[in-house]
>>> print(open('structure.txt').read())   # compact mmCIF, C-alpha atoms and all ligand atoms
# COMPACT_ATOMS: atom_id res chain seq x y z
CA MET A 1 -51.03 -47.82 -57.95
CA SER A 2 -50.52 -50.94 -55.90
CA ALA A 3 -47.34 -51.97 -57.77
CA PRO A 4 -44.06 -50.50 -56.54
CA ALA A 5 -43.72 -47.04 -58.02
CA ARG A 6 -41.08 -44.38 -58.56
CA VAL A 7 -42.10 -41.67 -56.09
CA LEU A 8 -40.71 -38.15 -55.86
CA VAL A 9 -41.03 -36.64 -52.38
CA THR A 10 -40.71 -32.86 -52.37
CA GLY A 11 -39.57 -31.29 -49.10
CA HIS A 12 -37.94 -34.58 -48.05
CA LEU A 13 -35.37 -32.63 -46.00
CA GLY A 14 -38.08 -31.45 -43.60
CA TYR A 15 -39.63 -32.83 -40.41
CA LEU A 16 -42.08 -35.17 -42.17
CA GLY A 17 -39.55 -36.12 -44.86
CA PRO A 18 -37.56 -38.94 -43.21
CA PRO A 19 -40.61 -40.78 -41.77
CA VAL A 20 -42.49 -40.43 -45.08
CA VAL A 21 -39.48 -41.68 -47.08
CA ALA A 22 -39.12 -44.61 -44.66
CA ALA A 23 -42.83 -45.52 -44.96
CA LEU A 24 -42.64 -45.42 -48.77
CA HIS A 25 -39.52 -47.61 -48.73
CA ARG A 26 -41.33 -50.08 -46.45
CA ALA A 27 -44.19 -50.17 -48.97
CA GLY A 28 -41.65 -51.16 -51.64
CA HIS A 29 -41.49 -47.90 -53.58
CA GLU A 30 -38.42 -46.38 -55.17
CA VAL A 31 -37.99 -42.88 -53.70
CA ALA A 32 -36.19 -39.73 -54.80
CA GLY A 33 -36.31 -36.35 -53.05
CA LEU A 34 -36.48 -32.73 -54.16
CA ASP A 35 -35.82 -29.89 -51.73
CA SER A 36 -34.38 -26.38 -51.88
CA GLY A 37 -32.55 -27.00 -48.60
CA LEU A 38 -33.91 -24.20 -46.40
CA PHE A 39 -33.28 -26.37 -43.32
CA GLU A 40 -30.69 -28.69 -44.78
CA ASP A 41 -28.34 -28.27 -41.81
CA CYS A 42 -31.06 -29.06 -39.24
CA ALA A 43 -30.71 -32.79 -38.72
CA LEU A 44 -30.08 -34.73 -35.53
CA GLU A 45 -29.27 -37.88 -37.46
CA PRO A 46 -28.43 -38.81 -41.07
CA ASP A 47 -31.26 -38.83 -43.64
CA PRO A 48 -32.43 -41.99 -45.37
CA PRO A 49 -30.18 -42.26 -48.44
CA VAL A 50 -32.18 -41.21 -51.51
CA PRO A 51 -31.23 -39.55 -54.80
CA THR A 52 -31.80 -35.83 -54.25
CA ILE A 53 -32.59 -32.93 -56.56
CA ARG A 54 -31.66 -29.68 -54.87
CA ARG A 55 -34.20 -27.32 -56.43
CA ASP A 56 -36.89 -24.84 -55.55
CA ILE A 57 -40.38 -26.09 -56.48
CA ARG A 58 -40.89 -22.73 -58.23
CA ASP A 59 -38.22 -23.79 -60.74
CA VAL A 60 -39.32 -27.37 -61.47
CA THR A 61 -40.08 -28.27 -65.09
CA PRO A 62 -41.83 -31.33 -66.57
CA ALA A 63 -38.35 -32.62 -67.54
CA ASP A 64 -37.54 -33.01 -63.82
CA LEU A 65 -40.57 -35.27 -63.44
CA ARG A 66 -40.22 -37.64 -66.39
CA GLY A 67 -40.34 -41.29 -65.32
CA VAL A 68 -41.91 -40.41 -61.95
CA HIS A 69 -45.15 -42.30 -61.19
CA ALA A 70 -46.26 -40.31 -58.14
CA VAL A 71 -45.40 -37.08 -56.35
CA VAL A 72 -45.78 -36.71 -52.59
CA HIS A 73 -45.69 -32.95 -52.18
CA LEU A 74 -44.46 -31.89 -48.75
CA ALA A 75 -42.32 -28.86 -49.70
CA GLY A 76 -43.47 -25.48 -48.54
CA LEU A 77 -43.43 -22.89 -45.80
CA SER A 78 -44.94 -25.11 -43.25
CA ASN A 79 -46.51 -23.28 -40.35
CA ASP A 80 -48.27 -20.07 -39.34
CA PRO A 81 -45.18 -18.19 -38.04
CA LEU A 82 -43.30 -18.90 -41.29
CA GLY A 83 -46.36 -17.84 -43.28
CA LEU A 84 -46.43 -14.51 -41.46
CA LEU A 85 -42.76 -13.85 -42.26
CA ALA A 86 -43.66 -13.26 -45.92
CA PRO A 87 -47.36 -13.71 -46.74
CA ASP A 88 -46.84 -13.04 -50.47
CA LEU A 89 -44.11 -15.67 -50.71
CA THR A 90 -46.29 -18.06 -48.72
CA HIS A 91 -48.96 -17.75 -51.39
CA GLU A 92 -46.35 -17.98 -54.16
CA ILE A 93 -44.72 -21.15 -52.75
CA ASN A 94 -47.57 -22.95 -51.00
CA ALA A 95 -50.35 -22.22 -53.49
CA ALA A 96 -49.11 -20.95 -56.89
CA ALA A 97 -45.98 -23.15 -57.05
CA THR A 98 -47.96 -26.17 -55.83
CA LEU A 99 -50.36 -25.77 -58.76
CA ARG A 100 -47.47 -25.17 -61.15
CA LEU A 101 -45.74 -28.31 -59.87
CA ALA A 102 -48.92 -30.38 -60.24
CA THR A 103 -49.47 -29.04 -63.77
CA ALA A 104 -45.87 -29.96 -64.68
CA ALA A 105 -46.40 -33.41 -63.13
CA ARG A 106 -49.56 -34.00 -65.15
CA GLU A 107 -47.75 -32.91 -68.33
CA ALA A 108 -44.88 -35.29 -67.53
CA GLY A 109 -47.25 -38.26 -67.18
CA VAL A 110 -47.18 -38.54 -63.37
CA ARG A 111 -50.24 -40.59 -62.36
CA ARG A 112 -50.80 -39.54 -58.75
CA PHE A 113 -50.19 -36.33 -56.76
CA LEU A 114 -50.57 -36.25 -52.97
CA PHE A 115 -50.63 -32.80 -51.40
CA SER A 116 -49.70 -32.26 -47.75
CA SER A 117 -52.41 -29.83 -46.64
CA SER A 118 -53.38 -28.96 -43.12
CA CYS A 119 -56.38 -28.97 -40.76
CA SER A 120 -55.39 -25.35 -40.10
CA VAL A 121 -57.65 -24.47 -43.07
CA TYR A 122 -60.55 -24.82 -40.58
CA GLY A 123 -59.23 -21.76 -38.73
CA THR A 124 -61.78 -20.49 -36.25
CA THR A 125 -64.90 -22.58 -36.15
CA ALA A 126 -68.33 -21.86 -34.79
CA GLU A 127 -69.21 -25.57 -35.01
CA ALA A 128 -68.31 -27.95 -32.18
CA TRP A 129 -66.84 -30.36 -34.73
CA VAL A 130 -65.68 -29.90 -38.31
CA ASP A 131 -65.19 -32.28 -41.22
CA GLU A 132 -64.43 -32.02 -44.93
CA ALA A 133 -67.96 -30.70 -45.60
CA THR A 134 -67.36 -27.69 -43.31
CA PRO A 135 -66.34 -24.62 -45.32
CA PRO A 136 -62.73 -23.70 -44.48
CA ARG A 137 -62.29 -20.43 -42.60
CA PRO A 138 -58.52 -19.91 -42.68
CA VAL A 139 -57.27 -17.16 -40.37
CA THR A 140 -53.59 -17.04 -41.40
CA PRO A 141 -51.73 -16.63 -44.71
CA TYR A 142 -50.39 -20.18 -44.29
CA ALA A 143 -53.85 -21.70 -43.93
CA ALA A 144 -55.30 -19.51 -46.72
CA ALA A 145 -52.57 -20.69 -49.11
CA LYS A 146 -53.27 -24.36 -48.22
CA ALA A 147 -57.00 -23.84 -48.89
CA ALA A 148 -56.27 -22.11 -52.22
CA ALA A 149 -53.93 -24.93 -53.29
CA GLU A 150 -56.55 -27.59 -52.42
CA ARG A 151 -59.16 -25.81 -54.56
CA GLY A 152 -56.79 -25.45 -57.52
CA LEU A 153 -55.61 -29.05 -57.30
CA ALA A 154 -59.14 -30.46 -57.36
CA GLY A 155 -59.53 -28.73 -60.75
CA LEU A 156 -56.46 -30.54 -62.14
CA ALA A 157 -57.75 -34.03 -61.32
CA GLY A 158 -58.62 -36.17 -64.33
CA PRO A 159 -58.80 -39.81 -65.46
CA ALA A 160 -55.01 -39.99 -65.96
CA PHE A 161 -54.06 -37.77 -63.01
CA CYS A 162 -55.27 -38.66 -59.54
CA VAL A 163 -54.99 -35.83 -57.03
CA LEU A 164 -55.58 -36.09 -53.29
CA SER A 165 -55.15 -33.42 -50.60
CA LEU A 166 -54.36 -34.81 -47.15
CA ARG A 167 -55.52 -32.31 -44.56
CA ASN A 168 -53.15 -33.31 -41.79
CA ALA A 169 -53.69 -32.78 -38.10
CA THR A 170 -50.81 -31.16 -36.21
CA ALA A 171 -47.97 -33.64 -36.22
CA PHE A 172 -45.98 -34.64 -33.17
CA GLY A 173 -43.26 -37.12 -32.39
CA TYR A 174 -39.63 -37.72 -33.08
CA SER A 175 -38.08 -37.27 -36.52
CA PRO A 176 -34.35 -37.09 -37.26
CA ARG A 177 -35.24 -33.62 -38.59
CA LEU A 178 -36.87 -32.60 -35.34
CA ARG A 179 -39.05 -29.48 -35.09
CA THR A 180 -39.88 -27.99 -31.73
CA ASP A 181 -42.22 -25.32 -33.10
CA LEU A 182 -44.96 -27.96 -32.86
CA VAL A 183 -46.94 -27.95 -29.64
CA VAL A 184 -46.19 -31.43 -28.26
CA ASN A 185 -42.53 -31.50 -29.34
CA ASP A 186 -42.05 -28.03 -27.84
CA LEU A 187 -43.67 -28.78 -24.48
CA VAL A 188 -41.71 -32.03 -24.11
CA ALA A 189 -38.44 -30.26 -25.06
CA GLY A 190 -39.07 -27.56 -22.42
CA ALA A 191 -39.74 -30.24 -19.81
CA VAL A 192 -36.66 -32.30 -20.69
CA LEU A 193 -34.22 -29.39 -21.17
CA ARG A 194 -35.44 -26.86 -18.57
CA ASN A 195 -37.88 -28.73 -16.31
CA GLU A 196 -40.52 -26.30 -17.52
CA ILE A 197 -43.79 -26.75 -19.43
CA ARG A 198 -44.74 -23.26 -20.47
CA LEU A 199 -47.82 -22.42 -22.52
CA LEU A 200 -47.81 -19.44 -24.88
CA SER A 201 -51.61 -19.09 -24.76
CA ASP A 202 -54.32 -19.81 -22.20
CA GLY A 203 -54.45 -23.38 -23.54
CA SER A 204 -58.18 -23.40 -24.32
CA ALA A 205 -57.80 -23.92 -28.09
CA TRP A 206 -58.54 -27.35 -29.57
CA ARG A 207 -55.98 -29.09 -31.78
CA PRO A 208 -56.19 -32.42 -33.57
CA LEU A 209 -52.90 -34.32 -33.27
CA VAL A 210 -51.35 -37.09 -35.31
CA HIS A 211 -48.11 -38.93 -34.67
CA VAL A 212 -45.55 -38.42 -37.40
CA SER A 213 -45.24 -42.20 -38.01
CA ASP A 214 -49.03 -42.49 -38.48
CA LEU A 215 -49.03 -39.56 -40.86
CA ALA A 216 -46.23 -41.16 -42.87
CA ARG A 217 -48.25 -44.40 -43.11
CA ALA A 218 -51.29 -42.44 -44.29
CA PHE A 219 -49.27 -41.06 -47.21
CA ALA A 220 -48.09 -44.56 -48.13
CA LEU A 221 -51.66 -45.93 -47.99
CA ALA A 222 -53.02 -42.97 -49.97
CA LEU A 223 -50.65 -43.86 -52.81
CA ASP A 224 -52.39 -47.24 -53.09
CA ALA A 225 -56.02 -46.19 -52.59
CA PRO A 226 -58.24 -46.84 -55.65
CA ALA A 227 -58.24 -43.71 -57.82
CA GLU A 228 -62.01 -43.93 -58.36
CA HIS A 229 -62.51 -43.43 -54.59
CA VAL A 230 -59.99 -40.69 -53.86
CA ASN A 231 -59.45 -38.67 -57.04
CA GLY A 232 -60.02 -34.96 -56.40
CA ALA A 233 -60.77 -35.57 -52.72
CA VAL A 234 -59.76 -33.78 -49.57
CA LEU A 235 -59.11 -36.05 -46.61
CA ASN A 236 -58.59 -35.16 -42.95
CA VAL A 237 -55.75 -37.24 -41.47
CA GLY A 238 -55.79 -37.90 -37.72
CA ALA A 239 -58.18 -39.52 -35.23
CA ASP A 240 -61.36 -38.31 -33.51
CA ALA A 241 -59.92 -39.39 -30.15
CA GLN A 242 -56.80 -37.28 -30.69
CA ASN A 243 -58.44 -33.85 -30.51
CA TYR A 244 -57.11 -32.15 -27.38
CA THR A 245 -57.06 -28.73 -25.83
CA VAL A 246 -53.53 -27.35 -25.51
CA ARG A 247 -54.07 -27.34 -21.73
CA THR A 248 -54.76 -31.11 -21.77
CA ILE A 249 -51.66 -31.66 -23.89
CA ALA A 250 -49.60 -29.73 -21.32
CA ARG A 251 -51.09 -31.74 -18.43
CA THR A 252 -50.32 -35.01 -20.23
CA VAL A 253 -46.69 -33.90 -20.67
CA ALA A 254 -46.63 -32.99 -16.96
CA GLU A 255 -47.86 -36.47 -16.01
CA ALA A 256 -45.02 -38.02 -18.03
CA LEU A 257 -42.41 -35.65 -16.55
CA PRO A 258 -43.68 -34.81 -13.03
CA GLU A 259 -40.44 -33.02 -12.11
CA ALA A 260 -41.24 -30.30 -14.68
CA ARG A 261 -43.22 -27.23 -13.56
CA LEU A 262 -46.35 -26.41 -15.57
CA SER A 263 -46.86 -22.69 -16.07
CA ILE A 264 -49.70 -20.93 -17.83
CA PRO A 265 -48.97 -17.19 -17.84
CA GLY A 266 -51.89 -15.25 -16.35
CA ASP A 267 -51.84 -12.72 -19.19
CA ALA A 268 -51.67 -15.36 -21.95
CA GLY A 269 -54.28 -14.64 -24.59
CA ARG A 270 -56.65 -17.04 -26.34
CA ASP A 271 -55.43 -18.64 -29.54
CA VAL A 272 -58.17 -17.99 -32.13
CA ARG A 273 -57.04 -21.02 -34.13
CA SER A 274 -59.23 -23.69 -32.61
CA TYR A 275 -60.92 -26.65 -34.28
CA ARG A 276 -62.09 -30.16 -33.37
CA VAL A 277 -61.91 -32.43 -36.37
CA ARG A 278 -63.71 -35.62 -37.41
CA PHE A 279 -62.00 -38.28 -39.51
CA ASP A 280 -64.89 -40.45 -40.82
CA ARG A 281 -63.96 -39.95 -44.47
CA LEU A 282 -60.40 -41.17 -43.75
CA HIS A 283 -61.79 -44.45 -42.42
CA ARG A 284 -64.08 -44.81 -45.42
CA LEU A 285 -61.44 -44.09 -48.05
CA LEU A 286 -58.40 -45.66 -46.35
CA PRO A 287 -60.07 -48.46 -44.33
CA GLU A 288 -56.73 -50.06 -43.37
CA PHE A 289 -55.63 -46.89 -41.62
CA ALA A 290 -55.82 -46.36 -37.87
CA CYS A 291 -53.57 -44.20 -35.71
CA ARG A 292 -51.25 -46.46 -33.73
CA VAL A 293 -49.46 -43.93 -31.52
CA ASP A 294 -51.56 -41.89 -29.09
CA LEU A 295 -50.48 -38.80 -27.18
CA ARG A 296 -49.19 -40.63 -24.08
CA ALA A 297 -47.16 -43.14 -26.10
CA GLY A 298 -45.85 -40.40 -28.39
CA ILE A 299 -44.72 -38.29 -25.42
CA ALA A 300 -42.95 -41.28 -23.81
CA ASP A 301 -41.17 -41.99 -27.09
CA LEU A 302 -40.17 -38.33 -27.52
CA VAL A 303 -38.62 -38.27 -24.04
CA ALA A 304 -36.69 -41.47 -24.81
CA GLN A 305 -35.52 -40.14 -28.20
CA TYR A 306 -34.46 -36.74 -26.82
CA ARG A 307 -32.39 -38.61 -24.23
CA ARG A 308 -31.03 -41.09 -26.79
CA VAL A 309 -29.73 -38.35 -29.11
CA GLY A 310 -28.58 -36.24 -26.14
CA LEU A 311 -30.68 -33.20 -27.08
CA ARG A 312 -29.10 -30.20 -25.36
CA SER A 313 -30.82 -27.30 -27.11
CA THR A 314 -33.56 -26.61 -29.64
CA ASP A 315 -31.24 -24.56 -31.88
CA GLY A 316 -32.04 -25.44 -35.48
CA CYS A 317 -35.39 -26.96 -34.50
CA VAL A 318 -37.47 -23.76 -34.66
CA ARG A 319 -38.09 -22.98 -38.32
CA LEU A 320 -38.77 -19.24 -38.09
CA GLU A 321 -35.66 -18.59 -35.98
CA HIS A 322 -33.49 -20.70 -38.26
CA LEU A 323 -34.74 -19.10 -41.44
CA LYS A 324 -34.29 -15.58 -40.04
CA ARG A 325 -30.72 -16.47 -39.08
CA ARG A 326 -29.96 -17.77 -42.59
CA LEU A 327 -31.56 -14.69 -44.17
CA ALA A 328 -29.48 -12.38 -41.97
CA ALA A 329 -26.32 -14.33 -42.85
CA GLY A 330 -27.09 -13.95 -46.57
CA GLU A 331 -27.30 -17.73 -47.03
CA VAL A 332 -30.93 -17.44 -48.17
CA ALA A 333 -32.12 -14.72 -50.57
CA ALA A 334 -35.11 -12.49 -49.84
CA ASP A 335 -37.24 -14.63 -52.18
CA LEU A 336 -36.41 -17.61 -49.91
CA ARG A 337 -34.21 -19.38 -52.42
CA PRO A 338 -31.06 -20.63 -50.66
CA ARG A 339 -27.96 -18.93 -52.14
CA LEU A 340 -25.45 -21.35 -50.76
CA PRO A 341 -25.60 -24.94 -49.70
CA ALA A 342 -26.21 -24.99 -45.96
CA PRO A 343 -23.17 -25.78 -43.84
CA ALA A 344 -22.77 -29.43 -42.83
CA ALA A 345 -25.59 -30.64 -40.59
CA ALA A 346 -25.16 -29.08 -37.17
CA ALA A 347 -27.24 -31.16 -34.87
CA ALA A 348 -28.79 -29.55 -31.83
CA ALA A 349 -27.79 -32.68 -29.99
CA GLY A 350 -24.52 -31.91 -28.36
CA ALA A 351 -24.03 -28.78 -30.53
N1 LIG B 401 -45.70 -30.85 -39.41
C1 LIG B 401 -47.02 -30.69 -39.31
O1 LIG B 401 -47.60 -30.70 -38.22
C2 LIG B 401 -47.87 -30.50 -40.54
C3 LIG B 401 -49.24 -30.54 -40.39
C4 LIG B 401 -50.02 -30.33 -41.50
C5 LIG B 401 -49.43 -30.11 -42.72
N2 LIG B 401 -48.08 -30.06 -42.85
C6 LIG B 401 -47.51 -29.81 -44.16
O2 LIG B 401 -46.64 -30.89 -44.51
C7 LIG B 401 -45.54 -30.40 -45.26
C8 LIG B 401 -44.25 -30.82 -44.59
O3 LIG B 401 -44.22 -30.32 -43.28
P1 LIG B 401 -42.90 -30.36 -42.41
O4 LIG B 401 -43.34 -30.23 -41.02
O5 LIG B 401 -42.05 -31.51 -42.83
O6 LIG B 401 -42.21 -28.99 -42.89
P2 LIG B 401 -40.66 -28.54 -42.81
O7 LIG B 401 -40.65 -27.07 -42.75
O8 LIG B 401 -39.98 -29.28 -41.73
O9 LIG B 401 -40.11 -29.02 -44.20
C9 LIG B 401 -40.48 -28.42 -45.41
C10 LIG B 401 -39.38 -28.69 -46.43
O10 LIG B 401 -39.77 -28.02 -47.63
C11 LIG B 401 -38.62 -27.39 -48.18
N3 LIG B 401 -39.04 -26.23 -48.96
C12 LIG B 401 -39.64 -25.10 -48.51
N4 LIG B 401 -39.88 -24.27 -49.53
C13 LIG B 401 -39.42 -24.90 -50.66
C14 LIG B 401 -39.40 -24.55 -52.03
N5 LIG B 401 -39.87 -23.37 -52.47
N6 LIG B 401 -38.87 -25.42 -52.90
C15 LIG B 401 -38.36 -26.62 -52.49
N7 LIG B 401 -38.35 -26.99 -51.19
C16 LIG B 401 -38.88 -26.14 -50.30
C17 LIG B 401 -37.78 -26.96 -46.97
O11 LIG B 401 -36.42 -26.82 -47.36
C18 LIG B 401 -38.02 -28.11 -46.00
O12 LIG B 401 -37.04 -29.10 -46.11
C19 LIG B 401 -45.71 -28.89 -45.35
O13 LIG B 401 -46.32 -28.58 -46.58
C20 LIG B 401 -46.64 -28.57 -44.21
O14 LIG B 401 -47.38 -27.41 -44.47
C21 LIG B 401 -47.29 -30.27 -41.78
>>> encode(input="structure.txt", output="structure tokens")
Amino acid sequence: MSAPARVLVTGHLGYLGPPVVAALHRAGHEVAGLDSGLFEDCALEPDPPVPTIRRDIRDVTPADLRGVHAVVHLAGLSNDPLGLLAPDLTHEINAAATLRLATAAREAGVRRFLFSSSCSVYGTTAEAWVDEATPPRPVTPYAAAKAAAERGLAGLAGPAFCVLSLRNATAFGYSPRLRTDLVVNDLVAGAVLRNEIRLLSDGSAWRPLVHVSDLARAFALALDAPAEHVNGAVLNVGADAQNYTVRTIARTVAEALPEARLSIPGDAGRDVRSYRVRFDRLHRLLPEFACRVDLRAGIADLVAQYRRVGLRSTDGCVRLEHLKRRLAAGEVAADLRPRLPAPAAAAAAGA
């Protein structure tokens, strides 16, 4: 689909949303968003202006998707801690509702469906390196739901419906909808706000990283990739050179902010989620893609952005905490459907 298309981005009010919407706009596409608004009030800056459907993906019907050429599906419970909050709902939203949404899209005549999956499906690996041929070994409900959705989606692919699962590395970098429950963003926030870089584990686990702007560009390029090459595929998104141990990430943050104290608690346990990922298929299927922002550059930009927006706390930037607060306040029902529109955006900056 190289011509400009009408693209619906689900979950556009999340961390990846604004950079993905911006990348699609740059590629000339017309963009609308669909989001239930679980974190609607968590924005440091205004969102790109796009027509918005405020709906849960569990409630979407083909009628909502008529006239849409492509769906970029970001909506979901998007990390391991959130997945552990309600494993059943994680399966319901991240796997079952994803397949329901894709089925509705196919019925409505949508031509392409991009799913935001995760390298976390690799879980704990015995191999030194993993790629798309390595059988997933998810170790959390979040990762298991992503793996189940990928399998189901591959079965929906057909000549008129091109489906692609992007298995993203862990994202880092500034977004107007900042999250600090991501390793790099968290360590930089601790260094900037408290002069402290504190690990929660012994730091030996491997993580592939990808800058949020590179990830957004990968989605835009994946919309244009020839269907005969990508239909039904799973694609790791990141860069071989951007696999790091958490300890190395912490040391790189410490080099950028030498006034901050690096602490690794003596009793910190090992994180069993550890995987080193190869990205050869990405370069074969999306040959124009290369990561442009490496860890050092991404950290320097984060520091500059935190200072630019005057970040004073990470309130509203940690998804599990924020969701628990909204559940306790009755703003979100137990089935994780928001009951009320979130209050006006309360930015952590200066809040
Ligand atoms: N950020 C990363 O490092 C990363 C890495 C790999 C994969 N992913 C995947 O990319 C996607 C986006 O990630 P993110 O970091 O922007 O997440 P996020 O939590 O910041 O945003 C997710 C958005 O989805 C919406 N949402 C959640 N459940 C919904 C539902 N039932 N119906 C409608 N909307 C719903 C939320 O309101 C939120 O705005 C997720 O699927 C995530 O699993 C993210």
>>> closest_residue(input="structure.txt", among="A:Pro136, A:Leu84, A:Val212, A:Ala75", to="A:Pro176", atoms="only C-alpha atoms")
A:Val212
>>> atom_distance(input="structure.txt", atom1="atom CA of A:Arg284", atom2="atom CA of A:Phe115")
19.0 Å
>>> closest_atom_pairs(input="structure.txt", of="chain A", to="ligand LIG 401 (chain B)", cutoff="7 Å", atoms="only C-alpha atoms and all ligand atoms", output="tab-separated table")
residue	atom	partner	partner_atom	distance
A:Thr10	CA	B:LIG401	N7	6.4
A:Gly11	CA	B:LIG401	O10	3.6
A:His12	CA	B:LIG401	O12	5.9
A:Leu13	CA	B:LIG401	O12	3.9
A:Gly14	CA	B:LIG401	O9	3.2
A:Tyr15	CA	B:LIG401	O5	3.7
A:Leu16	CA	B:LIG401	O5	3.7
A:Gly17	CA	B:LIG401	O5	5.6
A:Leu34	CA	B:LIG401	C15	6.6
A:Asp35	CA	B:LIG401	N7	3.9
A:Ser36	CA	B:LIG401	C15	4.0
A:Gly37	CA	B:LIG401	O11	4.1
A:Leu38	CA	B:LIG401	O11	3.8
A:Phe39	CA	B:LIG401	O11	5.1
A:Glu40	CA	B:LIG401	O12	6.5
A:Arg55	CA	B:LIG401	C15	5.8
A:Asp56	CA	B:LIG401	N6	3.4
A:Ile57	CA	B:LIG401	N6	3.9
A:Arg58	CA	B:LIG401	N5	5.9
A:Leu74	CA	B:LIG401	C7	3.9
A:Ala75	CA	B:LIG401	O10	3.4
A:Gly76	CA	B:LIG401	C12	3.8
A:Leu77	CA	B:LIG401	C12	5.2
A:Ser78	CA	B:LIG401	O14	3.6
A:Asn79	CA	B:LIG401	O14	5.9
A:Ile93	CA	B:LIG401	N5	5.3
A:Ser116	CA	B:LIG401	O2	4.7
A:Ser117	CA	B:LIG401	C5	4.9
A:Ser118	CA	B:LIG401	C4	4.0
A:Cys119	CA	B:LIG401	C4	6.5
A:Arg167	CA	B:LIG401	C4	6.6
A:Asn168	CA	B:LIG401	C4	4.3
A:Ala169	CA	B:LIG401	C3	5.5
A:Thr170	CA	B:LIG401	O1	3.8
A:Ala171	CA	B:LIG401	O1	3.6
A:Phe172	CA	B:LIG401	O1	6.6
A:Arg179	CA	B:LIG401	O8	6.7
A:Leu182	CA	B:LIG401	O1	6.6
A:Arg319	CA	B:LIG401	O7	6.6
A:Arg337	CA	B:LIG401	N5	6.9
>>> closest_residue(input="structure.txt", among="A:Ala233, A:Ala290, A:Leu200, A:Leu302", to="A:Gly155", atoms="all atoms listed in the file")
A:Ala233
>>> residues_around(input="structure.txt", residues="stretch 253-257 of chain A", least_positions_apart="5", cutoff="7 Å", atoms="all atoms listed in the file", output="ChimeraX atom specification")
/A:188,191,262,299-300
>>> atom_distance(input="structure.txt", atom1="atom CA of A:Lys324", atom2="atom CA of A:Ala143")
20.9 Å
>>> build_atoms(input="structure.txt", residues="stretch 318-322 of chain A", atoms="all heavy atoms", output="PDB file, in the coordinates of the input")
ATOM      1  N   VAL A 318     -36.369 -24.721 -34.571  1.00  0.00           N
ATOM      2  CA  VAL A 318     -37.470 -23.760 -34.660  1.00  0.00           C
ATOM      3  C   VAL A 318     -37.342 -23.059 -36.011  1.00  0.00           C
ATOM      4  O   VAL A 318     -36.415 -22.282 -36.244  1.00  0.00           O
ATOM      5  CB  VAL A 318     -37.410 -22.745 -33.494  1.00  0.00           C
ATOM      6  CG1 VAL A 318     -38.523 -21.717 -33.608  1.00  0.00           C
ATOM      7  CG2 VAL A 318     -37.477 -23.482 -32.162  1.00  0.00           C
ATOM      8  N   ARG A 319     -38.277 -23.369 -36.922  1.00  0.00           N
ATOM      9  CA  ARG A 319     -38.090 -22.980 -38.320  1.00  0.00           C
ATOM     10  C   ARG A 319     -37.948 -21.469 -38.519  1.00  0.00           C
ATOM     11  O   ARG A 319     -37.059 -21.019 -39.246  1.00  0.00           O
ATOM     12  CB  ARG A 319     -39.234 -23.535 -39.169  1.00  0.00           C
ATOM     13  CG  ARG A 319     -39.061 -25.012 -39.406  1.00  0.00           C
ATOM     14  CD  ARG A 319     -40.287 -25.651 -39.948  1.00  0.00           C
ATOM     15  NE  ARG A 319     -41.215 -25.973 -38.875  1.00  0.00           N
ATOM     16  CZ  ARG A 319     -42.088 -26.962 -38.915  1.00  0.00           C
ATOM     17  NH1 ARG A 319     -42.185 -27.715 -39.982  1.00  0.00           N
ATOM     18  NH2 ARG A 319     -42.896 -27.201 -37.904  1.00  0.00           N
ATOM     19  N   LEU A 320     -38.815 -20.686 -37.869  1.00  0.00           N
ATOM     20  CA  LEU A 320     -38.770 -19.240 -38.090  1.00  0.00           C
ATOM     21  C   LEU A 320     -37.412 -18.666 -37.671  1.00  0.00           C
ATOM     22  O   LEU A 320     -36.788 -17.904 -38.408  1.00  0.00           O
ATOM     23  CB  LEU A 320     -39.901 -18.557 -37.329  1.00  0.00           C
ATOM     24  CG  LEU A 320     -39.989 -17.039 -37.511  1.00  0.00           C
ATOM     25  CD1 LEU A 320     -40.210 -16.668 -38.970  1.00  0.00           C
ATOM     26  CD2 LEU A 320     -41.124 -16.459 -36.662  1.00  0.00           C
ATOM     27  N   GLU A 321     -36.962 -19.076 -36.480  1.00  0.00           N
ATOM     28  CA  GLU A 321     -35.660 -18.590 -35.980  1.00  0.00           C
ATOM     29  C   GLU A 321     -34.544 -18.958 -36.944  1.00  0.00           C
ATOM     30  O   GLU A 321     -33.682 -18.156 -37.259  1.00  0.00           O
ATOM     31  CB  GLU A 321     -35.322 -19.277 -34.648  1.00  0.00           C
ATOM     32  CG  GLU A 321     -35.810 -18.561 -33.434  1.00  0.00           C
ATOM     33  CD  GLU A 321     -35.497 -19.372 -32.169  1.00  0.00           C
ATOM     34  OE1 GLU A 321     -34.611 -20.255 -32.181  1.00  0.00           O
ATOM     35  OE2 GLU A 321     -36.191 -19.105 -31.173  1.00  0.00           O
ATOM     36  N   HIS A 322     -34.574 -20.209 -37.412  1.00  0.00           N
ATOM     37  CA  HIS A 322     -33.490 -20.700 -38.260  1.00  0.00           C
ATOM     38  C   HIS A 322     -33.475 -19.960 -39.595  1.00  0.00           C
ATOM     39  O   HIS A 322     -32.424 -19.560 -40.097  1.00  0.00           O
ATOM     40  CB  HIS A 322     -33.635 -22.199 -38.464  1.00  0.00           C
ATOM     41  CG  HIS A 322     -32.418 -22.798 -39.084  1.00  0.00           C
ATOM     42  ND1 HIS A 322     -31.243 -22.988 -38.393  1.00  0.00           N
ATOM     43  CD2 HIS A 322     -32.166 -23.204 -40.350  1.00  0.00           C
ATOM     44  CE1 HIS A 322     -30.333 -23.496 -39.188  1.00  0.00           C
ATOM     45  NE2 HIS A 322     -30.860 -23.638 -40.382  1.00  0.00           N
TER      46      HIS A 322
END
